[in-house]
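Undergrad: One structure follows; several queries about it will come next.
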Amino acid sequence: MPGASDLANNVADSVPAQTGPEGTKRDFLFIATGAALAVGTAALAWPFVASMAPDAETVAAGAPLEVDLTPIQEGQIITVFWRGKLIFVRNRTDKEVKDSEAVQLSDLIDPAPDSARVKEGHAKWLVVYGNCTHLGCVPIGHSGQYDGWSCPCHGSVFDSAGRVRRGPAPTNLPIPPYAFTSDTKIRIGDEGAGKAVA
Amino acid sequence: MSGHANTYVPKSRLAKWFESRLPLVGLMHSSFVSFPVPRNLNYFWTFGAILIMMLGLQIVTGVWLAMHYDPSADKAFNSVEHIMRDVNYGWLLRYAHANGASMFFVAVYIHIFRNLYYGSYKAPREVLYILGVIIYLLMMATAFLGYTLPWGQMSYWGATVITNILAAIPVVGDTIQSLLWGGYSVGSPTLNRFFSLHYLLPFMIAGVVVLHVWALHVVGQNNPTGIPIKSGKDAVAFTPYATVKDVFAAVVFMLFFAYWIFYQPGYLGHADNYIPANPAVTPAHIVPEWYFLPFYAILRAVPDKLGGVILMFGAVLILAFAPWLDTSRVRSSNYRPIYRQFFWLFVIVCVVLGWLGAKPPEGGYVIASQICTFYYFAHFLIVMPLVGLFETPTALPGSILESVTGPGKQIESGSGMPVGAAAAPSSKG
Amino acid sequence: MTMTRALAASFLAALVSLAPAHAAEAPKPPREEWSFSGIFGKFDQAQLQRGFQVYREVCSSCHSMSLVRFRNLAEPGGPGFTAGQVKALAAEYKVKEVNDNGEEVERPARPADAWPSPFPNDKAAAAANGGKAPPDFSVLAKARTFERGFPLFVVDAMPFVGYSEQGVDYIHALLNGYEDAPAGMEVPAGTNYNKYYPGHLIAMAKPLSDGQVTYAKGENGEPVVPETVEQYSRDVAAFMSWTAEPHMEARKALGFRVILFLILLAGLLYYVKKKIWADVGGEVHGLQPELHKTG
């Protein structure tokens with residue numbers, strides 16, 4: 001068809017052809033409009049992205065959770081949920097505490113002394129998130145060679161302080177924010193001094 | 001996708017490699033860049049682009065709302081309120097979607113009346129036009145299904161009334177009704193399948209829109225004169241001329257849309273839909289959304305259940321026959337002095353039918369509905385064939401360009417389209 | 001177009017003549033002034049707090065508000081209670097939960113909890129109230145309205161003169177609409193005459209009386225607002241307007257910015273379009289371009 005490629009040139013030429021002061025004014029107008037369109041489109045996307053974040057109901061439901069420690073026998077592990085996440089609360093035996101404290105930091109994948117895993121003065125009580133740091137499976141308690149947990153999915157092994165001792169998990173089981181409100185009660189989601197986690 | 005040559009010339013090696021394997025960029029280029037557009041299109045021709053924008057916005061807001069919505073009878077109402085109260089910007093998504101449906105119909109009605117005024121349904125655009133009628137039908141189904149989802153009183157009773165309408169269909173009506181209900185009345189299974197279908201239909205609309213645009217680019221756009229593009233001087237390139245005009249019009253439409261979302265979000269809805277569905281109590285005035293009101297008035301104008309249903313569906317389906325009912329050789333009502341009067345009468349009748357649809361079916365309202373219903377059908381079955389035969393159209397301009405500049409005048413600066421580029425659409429027109 | 005105009009005029013005349021036949025219903029609630037109406041409307045925090053007090057001390061004994069959480073009372077755009085006040089308020093209420101042994105126990109409510117309903121379920125609410133459950137307050141202000149008729153309904157949609165407070169006006173009017181039934185009208189037992197209730201016979205007895213709720217005094221020890229039914233109903237209606245639309249202030253504020261931006265963008269695009277079309281001799285406007293010939 002004749003003129004077909006002329007058309008493309010014609011269209012391409014017809015827009016930015018002008019130069020001089022008039023052309024500059026025109027360029028500025030085009031750039032300003034393009035920028036406004038881009039800003040508008042980005043702003044339009046924001047509510048969609050924001051709406052996918054946890055909603056107000058979910059955030060409010062994550063209020064601190066009180067756990068009474070008295071029914072937990074020595075050696076026992078209980079599970080609780082806070083903000084939908086699984087948490088282990090473990091009443092460690094004296095032997096477990098001693099063994100854990102005796103571990104050389106150089107033997108650890110993610111070095112942390114036992115004292116950093118518990119609250120001061122409450123060395124018996126270990127509170128950790130209950131999902132393996134590899135890919136999120138729930139490790140089985142009182143199993144593996146370190147009196148801790150072993151993960152059935154990919155074989156990670158944790159000790160009685162929740163520290164990873166054999167991979168593929170890269171880090172120790174994380175510790176949720178919590179505080180002792182008395183010797184027999186903890187508040188999960190409390191950063192201490194009664195202040196709730198935001 | 002279009003009947004004219006591909007003017008896209010890939011420049012980089014990668015573009016050449018891709019184009020020789022899938023000529024997608026060339027297709028887009030010929031459809032939305034080099035496509036010849038009549039130079040005399042007015043702003044009524046921007047509503048196609050506005051409708052595509054609205055379909056996109058409805059799909060996106062809808063998909064996002066579905067992330068938070070719960071389609072079970074005992075949770076739907078509260079989950080909508082959860083979106084309104086707890087989800088970040090949930091109120092914005094929900095109001096944009098609910099009012100977006102209304103805006104979609106505002107735009108489609110302008111698009112349809114523009115089509116009828118300028119005779120865009122006439123040959124060679126019949127298939128393009130019928131695809132449009134199909135889109136309109138799918139839109140109505142989608143809007144109806146969507147209105148049931150908040151599971152308020154209007155949702156529930158709207159669903160009950162419409163599914164009872166389908167039961168009027170002889171022989172298979174009861175079966176259709178019970179298959180839609182999934183029970184012995186409108187209930188949780190109904191809501192769940194309505195949600196599923198409400199999610200599905202917009203994608204079917206999008207599919208038909210692709211065909212609609214394809215058909216448009218085969219036959220080319222109509223224009224206010226109704227005469228085809230005869231030379232390159234009659235046309236401009238889609239990009240940048242039509243593109244910038246469409247974007248401008250779309251932003252102005254967004255302005256209108258934003259007013260409803262932010263300042264009158266409940267106006268186009270119905271207060272009763274903030275009362276949770278209650279199968280034991282029917283609201284005093286049960287009324288569909290405004291965009292269905294003319295059809296609702298037609299339904300109620302007939303005292304017979306089946307008759308009303310036939311007329312209501314007939315009122316939509318008759319649109320599809322317009323290309324063959326209209327006997328005039330002239331497309332645009334600008335050159336049809338008699339038909340133009342009837343066209344505006346038809347517009348008034350549609351508006352009045354809408355008003356009557358919101359009124360109780362009593363006394364004078366019923367009689368008025370019957371008169372308007374009669375004219376609605378008479379317009380297609382009597383006016384369109386007869387006026388076309390007897391009317392003397394006024395003189396058509398020699399060309400689109402002449403309609404713009406006056407006979408014998410020339411535009412001094414260059415045309416957007418070189419001569420010959422527009423040959424394909426005009427040869428079919 | 002003369003034929004069209006004549007037809008349109010006769011149509012409108014015919015329609016107006018149809019309308020009065022249906023006008024003899026309940027009187028329209030009077031239109032009130034609200035701080036939250038209009039494009040720049042904002043809730044009056046003190047009024048919402050008073051309205052909440054009326055709800056809590058009077059209405060809440062029968063009407064639930066199940067979609068409202070305690071925490072909402074401290075959220076932006078609302079009555080503006082502090083987080084501490086809300087926590088203390090919530091703790092005054094008991095909510096049921098199932099403990100680890102599967103027993104239903106009561107615990108003090110937390111800010112995240114829903115406002116406790118006065119009845120355990122709808123059937124109990126209906127049984128205790130003559131067969132019909134008192135409506136939930138959460139979205140009631142949006143669930144009530146009245147027809148304004150043509151042409152007001154068109155005006156109501158428009159900027160600046162628009163009107164979307166029908167629900168609040170109705171609630172306010174209803175609470176002030178208790179009066180003696182007109183002579184000859186029978187008011188059956190269990191119902192009460194109300195001027196603004198559709199059909200006039202409402203199951204709810206007059207809920208508010210002057211002096212019933214004691215508002216906090218101002219700094220000089222004088223009441224800030226009168227303790228009258230008129231004021232109580234105004235305050236509780238405003239409070240219900242907030243419970244129905246807790247993000248109204250955010251909506252209107254965002255709307256203002258969005259609309260300003262769109263006006264700016266539309267203006268820019270208009271000039272861009274003009275410049276671009278200048279290359280092909282400008283564009284044509286209007287329905288009938290042959291009427292706009294430049295030559």
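So you can find residues: chains in the structure tokens are A, B, ... in the order shown, residues in each start at 1, and ligands are numbered from 1 in order.
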Within 8 Å of chain C, which residues of chain A show up? Give each one with its shortest atom-to-atom distance in Å (one decimal) and the two atoms involved, counting only C-alpha atoms, rows by chain then rising residue number, as JSON lines.

TA:
{"residue": "A:Ser14", "atom": "CA", "partner": "C:Asp279", "partner_atom": "CA", "distance": 6.9}
{"residue": "A:Val15", "atom": "CA", "partner": "C:Ile276", "partner_atom": "CA", "distance": 6.8}
{"residue": "A:Arg26", "atom": "CA", "partner": "C:Lys275", "partner_atom": "CA", "distance": 7.7}
{"residue": "A:Leu29", "atom": "CA", "partner": "C:Val272", "partner_atom": "CA", "distance": 6.8}
{"residue": "A:Phe30", "atom": "CA", "partner": "C:Val272", "partner_atom": "CA", "distance": 6.5}
{"residue": "A:Ala32", "atom": "CA", "partner": "C:Leu268", "partner_atom": "CA", "distance": 7.8}
{"residue": "A:Thr33", "atom": "CA", "partner": "C:Leu268", "partner_atom": "CA", "distance": 5.8}
{"residue": "A:Ala36", "atom": "CA", "partner": "C:Leu265", "partner_atom": "CA", "distance": 6.4}
{"residue": "A:Leu37", "atom": "CA", "partner": "C:Leu265", "partner_atom": "CA", "distance": 7.2}
{"residue": "A:Glu57", "atom": "CA", "partner": "C:Ala112", "partner_atom": "CA", "distance": 7.3}
{"residue": "A:Ala60", "atom": "CA", "partner": "C:Ala112", "partner_atom": "CA", "distance": 5.3}
{"residue": "A:Ala61", "atom": "CA", "partner": "C:Ala112", "partner_atom": "CA", "distance": 5.9}
{"residue": "A:Ala63", "atom": "CA", "partner": "C:Ala112", "partner_atom": "CA", "distance": 7.8}

Undergrad: Please produce an output containing N, CA and C atoms for each residue in the selection, written as a PDB file, in the first residue's frame.

TA:
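Saved to out30.pdb:
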ATOM      1  N   SER A  14       5.447  14.835  13.082  1.00  0.00           N
ATOM      2  CA  SER A  14       4.500  15.912  13.326  1.00  0.00           C
ATOM      3  C   SER A  14       4.544  16.394  14.771  1.00  0.00           C
ATOM      4  N   VAL A  15       5.033  15.623  15.688  1.00  0.00           N
ATOM      5  CA  VAL A  15       4.954  16.042  17.084  1.00  0.00           C
ATOM      6  C   VAL A  15       6.108  16.946  17.520  1.00  0.00           C
ATOM      7  N   ARG A  26       6.393  24.072  24.390  1.00  0.00           N
ATOM      8  CA  ARG A  26       5.614  22.908  24.054  1.00  0.00           C
ATOM      9  C   ARG A  26       6.204  21.651  24.711  1.00  0.00           C
ATOM     10  N   LEU A  29       5.333  21.619  28.319  1.00  0.00           N
ATOM     11  CA  LEU A  29       3.935  21.205  28.523  1.00  0.00           C
ATOM     12  C   LEU A  29       3.806  19.687  28.429  1.00  0.00           C
ATOM     13  N   PHE A  30       4.459  19.122  27.395  1.00  0.00           N
ATOM     14  CA  PHE A  30       4.357  17.672  27.219  1.00  0.00           C
ATOM     15  C   PHE A  30       5.001  16.930  28.385  1.00  0.00           C
ATOM     16  N   ALA A  32       5.480  18.049  31.475  1.00  0.00           N
ATOM     17  CA  ALA A  32       4.687  18.247  32.690  1.00  0.00           C
ATOM     18  C   ALA A  32       3.466  17.335  32.681  1.00  0.00           C
ATOM     19  N   THR A  33       2.820  17.226  31.532  1.00  0.00           N
ATOM     20  CA  THR A  33       1.632  16.387  31.440  1.00  0.00           C
ATOM     21  C   THR A  33       1.991  14.918  31.615  1.00  0.00           C
ATOM     22  N   ALA A  36       2.634  14.335  35.229  1.00  0.00           N
ATOM     23  CA  ALA A  36       1.392  14.316  36.006  1.00  0.00           C
ATOM     24  C   ALA A  36       0.653  12.998  35.802  1.00  0.00           C
ATOM     25  N   LEU A  37       0.645  12.516  34.548  1.00  0.00           N
ATOM     26  CA  LEU A  37       0.004  11.229  34.269  1.00  0.00           C
ATOM     27  C   LEU A  37       0.701  10.104  35.030  1.00  0.00           C
ATOM     28  N   GLU A  57      -8.492  -4.940  61.614  1.00  0.00           N
ATOM     29  CA  GLU A  57      -9.001  -6.011  62.472  1.00  0.00           C
ATOM     30  C   GLU A  57      -7.865  -6.971  62.838  1.00  0.00           C
ATOM     31  N   ALA A  60      -5.416  -5.294  65.206  1.00  0.00           N
ATOM     32  CA  ALA A  60      -5.955  -5.154  66.564  1.00  0.00           C
ATOM     33  C   ALA A  60      -6.032  -6.500  67.267  1.00  0.00           C
ATOM     34  N   ALA A  61      -6.262  -7.568  66.505  1.00  0.00           N
ATOM     35  CA  ALA A  61      -6.377  -8.898  67.115  1.00  0.00           C
ATOM     36  C   ALA A  61      -5.035  -9.364  67.644  1.00  0.00           C
ATOM     37  N   ALA A  63      -3.262  -8.162  69.830  1.00  0.00           N
ATOM     38  CA  ALA A  63      -3.002  -7.593  71.157  1.00  0.00           C
ATOM     39  C   ALA A  63      -2.229  -8.598  71.994  1.00  0.00           C
TER      40      ALA A  63
END

Undergrad: Using only C-alpha atoms, select each residue of chain B with any atom at most 6 Å away from an atom of chain A, and give the selection as a ChimeraX atom specification.

TA: /B:7,86-89,421

Undergrad: Could the residues in this selection be written to a file with N, CA and C atoms, as a PDB file, in the first residue's frame?

TA:
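Dumped to selection_36.pdb:
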ATOM      1  N   THR B   7       2.266  -0.801   9.201  1.00  0.00           N
ATOM      2  CA  THR B   7       3.251   0.234   8.944  1.00  0.00           C
ATOM      3  C   THR B   7       4.371   0.201   9.966  1.00  0.00           C
ATOM      4  N   ASP B  86     -12.315  -1.905  57.991  1.00  0.00           N
ATOM      5  CA  ASP B  86     -11.018  -2.365  58.486  1.00  0.00           C
ATOM      6  C   ASP B  86      -9.933  -2.434  57.426  1.00  0.00           C
ATOM      7  N   VAL B  87     -10.312  -2.782  56.197  1.00  0.00           N
ATOM      8  CA  VAL B  87      -9.293  -2.933  55.158  1.00  0.00           C
ATOM      9  C   VAL B  87      -8.733  -1.548  54.800  1.00  0.00           C
ATOM     10  N   ASN B  88      -7.432  -1.436  54.663  1.00  0.00           N
ATOM     11  CA  ASN B  88      -6.822  -0.161  54.275  1.00  0.00           C
ATOM     12  C   ASN B  88      -7.353   0.269  52.913  1.00  0.00           C
ATOM     13  N   TYR B  89      -7.925   1.451  52.853  1.00  0.00           N
ATOM     14  CA  TYR B  89      -8.541   1.974  51.631  1.00  0.00           C
ATOM     15  C   TYR B  89      -9.659   1.073  51.109  1.00  0.00           C
ATOM     16  N   ALA B 421      -3.490   6.244   2.668  1.00  0.00           N
ATOM     17  CA  ALA B 421      -3.313   5.415   3.862  1.00  0.00           C
ATOM     18  C   ALA B 421      -4.637   4.917   4.389  1.00  0.00           C
TER      19      ALA B 421
END

Undergrad: Could the residues of chain B within 7 Å of chain C, counting only C-alpha atoms, be given as JSON, numbers by chain, please?

TA: {"B": [40, 42, 85, 224, 241, 244, 245, 248, 251, 252, 255, 258, 262, 263, 264, 267, 271, 272, 273, 274, 275, 334, 341, 344, 345, 364, 365, 403, 404, 405, 406, 411, 412, 413, 414, 415, 416]}

Undergrad: Please extract the residues of stretch 272-378 of chain B with a backbone DSSP assignment of alpha helix (DSSP H) and present them as a PyMOL selection string.

TA: chain B and resi 293-301+305-317+322-325+337-357+363-378

Undergrad: Using only C-alpha atoms, which of A:Phe158, A:Trp82, A:Trp125, A:Tyr178 sits nearest A:Val138?

TA: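 Residue with the minimum atom-to-atom distance to A:Val138: A:Phe158.
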
Undergrad: When distances are computed from only C-alpha atoms, which of A:Asn172, A:Ala45, A:Val97, A:Asp68 shows the smallest separation from A:His122?

TA: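 When distances to A:His122 are compared using only C-alpha atoms, the smallest one comes from A:Val97.
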
Undergrad: How would you write, as a list in words, the set of residues in stretch 26-248 of chain C that DSSP gives as strand (DSSP E)?

TA: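 Result set for stretch 26-248 of chain C (strand (DSSP E)): Lys94, Val95, Lys96, Glu97, Val98, Glu104, Val105, Glu106, Arg107, Pro108, Asn192, Tyr193, Leu201 and Ile202 of chain C.
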
Undergrad: Take the residues that were just selected and, keeping C-alpha atoms, output them as a PDB file, in the first residue's frame.

TA:
ATOM      1  CA  LYS C  94     -17.510  -8.746  79.620  1.00  0.00           C
ATOM      2  CA  VAL C  95     -17.241 -10.877  76.525  1.00  0.00           C
ATOM      3  CA  LYS C  96     -17.532 -14.645  76.240  1.00  0.00           C
ATOM      4  CA  GLU C  97     -14.792 -16.882  74.973  1.00  0.00           C
ATOM      5  CA  VAL C  98     -14.018 -20.573  74.995  1.00  0.00           C
ATOM      6  CA  GLU C 104     -17.416 -20.827  77.839  1.00  0.00           C
ATOM      7  CA  VAL C 105     -15.993 -18.220  80.166  1.00  0.00           C
ATOM      8  CA  GLU C 106     -16.264 -14.476  80.496  1.00  0.00           C
ATOM      9  CA  ARG C 107     -13.312 -12.156  80.308  1.00  0.00           C
ATOM     10  CA  PRO C 108     -13.035  -8.367  80.304  1.00  0.00           C
ATOM     11  CA  ASN C 192     -46.814   4.171  69.619  1.00  0.00           C
ATOM     12  CA  TYR C 193     -47.755   7.067  67.411  1.00  0.00           C
ATOM     13  CA  LEU C 201     -47.253   3.092  64.382  1.00  0.00           C
ATOM     14  CA  ILE C 202     -43.842   2.280  65.814  1.00  0.00           C
TER      15      ILE C 202
END

Undergrad: Measuring atom to atom with only C-alpha atoms, identify which of C:Leu175, C:Ala83, C:Leu152, C:Cys62 is nearest to C:Ala126.

TA: C:Cys62

Undergrad: Just how far from atom CA of B:Phe380 is atom CA of B:Glu362, in Å to one decimal?

TA: 27.2 Å
